[in-house]
Structures are given as structure tokens and as C-alpha cells.
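Q: One structure, pasted below without further comment.
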Amino acid sequence: MNAPLLELQGVTKVYGSGAAASVALAGVDLRIQAGEFVAIMGPSGSGKSTAMNILGCLDRPSRGSYRFQGVEVQGLSRDQRALLRRRWFGFVFQGFNLLARTSAQENVELPLLYRGESAAARRRAAREALAAVGLQGLEAHTPAELSGGQQQRVAIARALVSAPAVLLADEPTGNLDSQRGAEIMALLEGLNRERGITVLMVTHEPDMAAWAQRVLHFRDGRLERDEAQSARRSEAPA
């Protein structure tokens, strides 16, 4: 087997200190290969979101090791970790996090603006990303002019525009009805299958986790089960 893209070894995360200390993760070992689609499940307080934040370089372990492509992430400076996030990771959240008075096009351009790309390059890449999620023709629409499912597609396009190796999705269907949720899952599965993007998704919905190739079950800060499954395969989303 190839070296893992993402690897946790004995990762512990403790918030607070002394009597107020709270253990969010307690010695988690985990390997994720490039190109996998992995769902992370567990009850509230299980550690699933903390694990996602550490994998996405949004948080750091208290103890243990996190390696990305074999590189020890804890050894990187704050600026190096920020660069790692910008260049290799895309993030999708339950709440969309779109700028309300800004067009879909401008929302998607934001990551490239932070990277210093030219206006022409930003426009071209944003249009391509919006087309990839089925929103061509809606570039000028603001979030208020889009449905919830369309807003989440804009958020996915924003995550895709910088060509990430890893897409981290935190409850991406949590604010959507079942039909719109299935459409978003088909979109994520298609991006994983067709582009080889590694997808890590936190969800509490078993029918959404059914789209993944592996399901990681967290409980009380530990990885309780790591299950392979025959993931649902879709046609490319319209």
C-alpha cells in the first residue's frame, strides 16, 4: 500500500487544563489514502469535528503526530500551516458561509484573491468551478437569489477553485432537504470519482454516509470502528 496522504498517530487533543480539562481526542490512530471518500460519524462530543479540524490544519494536537504526505505538520510554522491549508485543502460547511451581498462569481473568487491571483485568472477559474457544480448562467446571482442547494453548490465551487487535493465537508447536507442533500452527495461523489479528490465528510446521517467508501465511527474521543463499505456510485451530477 502507498504511504498515506493523511496520518494520525496517537493523537490526543485536550482543551483547558486542571479540573477544567476536557479530552476531545484520546489517542487516535488513522490513515487515509489519496483518492478515498471517507465519512466521519459519531454522537455530539465524540471527537469527530475535532479530528476533522486537526486533519484540515485548523487545530493542532496536544500530543501525538499528524503527517500530511509524510511531513510532520506540528513542525510547520503558523504561516506554513496557513499555506498548506490554502494550497491543498478545500472546506465546505453546513452553513454555506457565503457573503450575502456578493455574487456567486465573487464568492468563488475569494480564495484566489487571497492567493494574489490576477483578476482575469480569478474570473476564469471561478466560472470553470461554477460550471463544474452545474451553476453556469447563475454567476451574477447573490445567495438570496439562489436555493439552499444552489448555495451549497456555490460553497463547493469556492472550495474547488484552488484545485485542492483534499475536500473537507462538515455536515454539508445538514441544512438541506433529502432531495437537495442527495444532489450534493452525488456531486461530491462525482468529484471524488472523476477528479480523484480525497473527500472527508462529517455527517450524522447514515444515508449520506452511505455514499462514502469508508465510515469512521467516533465515540468518547476514540476511533471506535473503521468500516469499509460498498459506496453508492452515481452518474455525474447534472
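Residues are referred to by chain and number: the chain letter is A, B, ... according to the order shown in the C-alpha cells, the number counts from 1 in that chain, and ligands are numbered separately from 1 in the order shown.
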Compile the contact shell of region 23-29 of chain A as a ChimeraX atom specification: residues with an atom at most 10 Å away, counting only C-alpha atoms, same-chain residues fewer than 5 positions apart removed.

A: /A:7-17,45-51,61-66,218-224

Q: What lies within 8 Å of region 117-134 of chain A using only C-alpha atoms, ignoring chain neighbours under 2 positions off, as a list in words?

A: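 So, after excluding close chain neighbours, the residues are Gln105, Glu106, Val108, Glu109, Leu112, Leu113, Tyr114, Arg115, Gln136, Glu139, Arg153, Val154, Ile156, Ala157, Arg158, Leu160, Val161, Leu187, Pro237 and Ala238 of chain A.
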
Q: Kindly save the residues from that selection, with N, CA and C atoms included, as an mmCIF file, in the first residue's frame.

A:
```
data_model
loop_
_atom_site.group_PDB
_atom_site.id
_atom_site.type_symbol
_atom_site.label_atom_id
_atom_site.label_comp_id
_atom_site.auth_asym_id
_atom_site.auth_seq_id
_atom_site.Cartn_x
_atom_site.Cartn_y
_atom_site.Cartn_z
ATOM 1 N N GLN A 105 -20.178 34.388 -8.439
ATOM 2 C CA GLN A 105 -18.860 34.522 -9.067
ATOM 3 C C GLN A 105 -17.837 35.098 -8.082
ATOM 4 N N GLU A 106 -18.201 36.190 -7.418
ATOM 5 C CA GLU A 106 -17.272 36.853 -6.495
ATOM 6 C C GLU A 106 -17.015 36.004 -5.254
ATOM 7 N N VAL A 108 -16.909 32.767 -5.169
ATOM 8 C CA VAL A 108 -16.000 31.689 -5.569
ATOM 9 C C VAL A 108 -14.589 32.214 -5.806
ATOM 10 N N GLU A 109 -14.474 33.455 -6.228
ATOM 11 C CA GLU A 109 -13.155 34.037 -6.488
ATOM 12 C C GLU A 109 -12.343 34.291 -5.213
ATOM 13 N N LEU A 112 -8.879 32.751 -4.384
ATOM 14 C CA LEU A 112 -7.838 33.148 -5.322
ATOM 15 C C LEU A 112 -7.418 34.591 -5.109
ATOM 16 N N LEU A 113 -8.331 35.417 -4.631
ATOM 17 C CA LEU A 113 -7.981 36.787 -4.258
ATOM 18 C C LEU A 113 -6.950 36.774 -3.132
ATOM 19 N N TYR A 114 -7.175 35.912 -2.129
ATOM 20 C CA TYR A 114 -6.229 35.801 -1.015
ATOM 21 C C TYR A 114 -4.870 35.281 -1.474
ATOM 22 N N ARG A 115 -4.867 34.511 -2.570
ATOM 23 C CA ARG A 115 -3.614 33.977 -3.093
ATOM 24 C C ARG A 115 -2.903 34.942 -4.032
ATOM 25 N N GLN A 136 -23.567 27.101 -14.219
ATOM 26 C CA GLN A 136 -23.287 28.032 -15.298
ATOM 27 C C GLN A 136 -24.554 28.824 -15.618
ATOM 28 N N GLU A 139 -23.847 32.972 -12.443
ATOM 29 C CA GLU A 139 -22.670 33.600 -11.845
ATOM 30 C C GLU A 139 -22.979 34.933 -11.157
ATOM 31 N N ARG A 153 -23.848 24.492 -3.579
ATOM 32 C CA ARG A 153 -23.025 24.277 -4.775
ATOM 33 C C ARG A 153 -22.021 25.416 -4.959
ATOM 34 N N VAL A 154 -22.445 26.646 -4.682
ATOM 35 C CA VAL A 154 -21.501 27.770 -4.731
ATOM 36 C C VAL A 154 -20.382 27.549 -3.716
ATOM 37 N N ILE A 156 -19.274 24.722 -2.607
ATOM 38 C CA ILE A 156 -18.399 23.660 -3.107
ATOM 39 C C ILE A 156 -17.501 24.197 -4.214
ATOM 40 N N ALA A 157 -18.058 25.029 -5.099
ATOM 41 C CA ALA A 157 -17.241 25.643 -6.152
ATOM 42 C C ALA A 157 -16.128 26.492 -5.539
ATOM 43 N N ARG A 158 -16.447 27.221 -4.490
ATOM 44 C CA ARG A 158 -15.426 28.033 -3.801
ATOM 45 C C ARG A 158 -14.323 27.144 -3.243
ATOM 46 N N LEU A 160 -13.472 24.278 -4.523
ATOM 47 C CA LEU A 160 -12.789 23.637 -5.647
ATOM 48 C C LEU A 160 -11.882 24.570 -6.426
ATOM 49 N N VAL A 161 -12.117 25.883 -6.341
ATOM 50 C CA VAL A 161 -11.486 26.815 -7.266
ATOM 51 C C VAL A 161 -9.964 26.819 -7.145
ATOM 52 N N LEU A 187 -22.866 15.060 -6.207
ATOM 53 C CA LEU A 187 -21.839 15.976 -6.689
ATOM 54 C C LEU A 187 -20.493 15.668 -6.038
ATOM 55 N N PRO A 237 -23.311 14.251 -11.688
ATOM 56 C CA PRO A 237 -24.484 15.075 -11.464
ATOM 57 C C PRO A 237 -24.715 16.065 -12.584
ATOM 58 N N ALA A 238 -25.983 16.342 -12.826
ATOM 59 C CA ALA A 238 -26.324 17.305 -13.891
ATOM 60 C C ALA A 238 -26.016 18.715 -13.449
#
```

Q: Can you measure CA of Gln74 (chain A) to CA of Ala169 (chain A) for me? One decimal in Å is fine.

A: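 Calculated distance between CA of Gln74 (chain A) and CA of Ala169 (chain A) is 22.7 Å.
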
Q: I need the residues of region 3-197 of chain A that end up classed as alpha helix (DSSP H) by DSSP on the backbone, written out as a ChimeraX atom specification.

A: /A:48-55,78-88,104-114,119-132,148-160,178-195

Q: From the list A:Thr173, A:Gln69, A:Arg86, A:Arg78, which residue is nearest Pro206 (chain A) when using only C-alpha atoms?

A: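 Closest candidate: A:Thr173.
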
Q: Restricting the calculation to only C-alpha atoms, which member of A:Ala20, A:Met41, A:Leu30, A:Leu168 is positioned closest to Val215 (chain A)?

A: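 Checking each of A:Ala20, A:Met41, A:Leu30, A:Leu168 against Val215 (chain A), counting only C-alpha atoms, the winner is A:Met41.
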
Q: Would you kindly return, as a PyMOL selection string, each protein, DNA or RNA residue with an atom no farther than 12 Å from any atom of Glu171 (chain A), considering only C-alpha atoms and excluding same-chain residues fewer than 2 positions away?

A: chain A and resi 39-41+48-49+52+91-96+152+168-169+173-176+181+184-185+200-206+208-209

Q: How would you write, as a ChimeraX atom specification, the set of residues in region 34-165 of chain A that DSSP gives as strand (DSSP E)?

A: /A:37-41,63-68,71-72,89-93

Q: Emit the selected residues as a compact mmCIF listing (two decimals), in the first residue's frame, including N, CA, C and O atoms.

A:
```
# COMPACT_ATOMS: atom_id res chain seq x y z
N PHE A 37 -12.91 8.40 -0.26
CA PHE A 37 -14.08 9.16 0.19
C PHE A 37 -14.45 8.58 1.55
O PHE A 37 -14.90 7.43 1.64
N VAL A 38 -14.24 9.37 2.59
CA VAL A 38 -14.38 8.89 3.97
C VAL A 38 -15.43 9.71 4.70
O VAL A 38 -15.38 10.95 4.69
N ALA A 39 -16.38 9.04 5.32
CA ALA A 39 -17.37 9.69 6.18
C ALA A 39 -16.95 9.51 7.64
O ALA A 39 -16.46 8.44 8.02
N ILE A 40 -17.15 10.55 8.43
CA ILE A 40 -16.82 10.53 9.86
C ILE A 40 -18.11 10.74 10.63
O ILE A 40 -18.79 11.76 10.45
N MET A 41 -18.46 9.76 11.48
CA MET A 41 -19.71 9.81 12.21
C MET A 41 -19.47 9.66 13.71
O MET A 41 -18.41 9.21 14.14
N ARG A 63 -1.03 16.13 21.85
CA ARG A 63 0.03 15.11 21.79
C ARG A 63 -0.21 14.24 20.57
O ARG A 63 -1.30 14.20 20.02
N GLY A 64 0.84 13.55 20.17
CA GLY A 64 0.73 12.66 19.02
C GLY A 64 1.26 13.33 17.76
O GLY A 64 1.79 14.44 17.78
N SER A 65 1.08 12.65 16.64
CA SER A 65 1.68 13.08 15.38
C SER A 65 0.63 13.16 14.28
O SER A 65 -0.21 12.26 14.14
N TYR A 66 0.67 14.25 13.50
CA TYR A 66 -0.13 14.38 12.29
C TYR A 66 0.83 14.61 11.13
O TYR A 66 1.59 15.58 11.12
N ARG A 67 0.76 13.71 10.15
CA ARG A 67 1.59 13.85 8.96
C ARG A 67 0.71 14.02 7.73
O ARG A 67 -0.27 13.31 7.55
N PHE A 68 1.10 14.98 6.89
CA PHE A 68 0.46 15.18 5.59
C PHE A 68 1.51 14.91 4.53
O PHE A 68 2.55 15.57 4.49
N VAL A 71 4.93 14.64 5.85
CA VAL A 71 5.52 15.80 6.52
C VAL A 71 4.85 16.00 7.87
O VAL A 71 3.62 16.00 7.97
N GLU A 72 5.65 16.17 8.91
CA GLU A 72 5.13 16.38 10.27
C GLU A 72 4.55 17.79 10.36
O GLU A 72 5.26 18.79 10.32
N PHE A 89 -6.10 22.19 0.69
CA PHE A 89 -7.39 21.86 1.29
C PHE A 89 -8.48 22.79 0.81
O PHE A 89 -8.27 23.99 0.62
N GLY A 90 -9.68 22.22 0.61
CA GLY A 90 -10.88 22.99 0.38
C GLY A 90 -11.88 22.66 1.47
O GLY A 90 -11.95 21.51 1.92
N PHE A 91 -12.66 23.65 1.91
CA PHE A 91 -13.57 23.46 3.04
C PHE A 91 -15.01 23.79 2.64
O PHE A 91 -15.26 24.80 1.98
N VAL A 92 -15.94 22.91 3.05
CA VAL A 92 -17.37 23.12 2.84
C VAL A 92 -18.06 22.96 4.18
O VAL A 92 -17.81 21.97 4.89
N PHE A 93 -18.93 23.92 4.54
CA PHE A 93 -19.56 23.92 5.85
C PHE A 93 -21.08 23.83 5.72
O PHE A 93 -21.66 24.14 4.68
```

Q: Please determine, counting only C-alpha atoms, which residue among A:Gly56, A:Gly196, A:Pro172, A:Pro143 has the shortest atom-to-atom distance to Glu36 (chain A).

A: A:Gly196

Q: For Pro164 (chain A), which residue out of A:Gly190, A:Gly149, A:Gly35, A:Gly42 is the nearest one, using only C-alpha atoms?

A: A:Gly35

Q: Suppose you want the space between CA of Trp211 (chain A) and CA of Gly137 (chain A); what is it in Å?

A: 28.5 Å
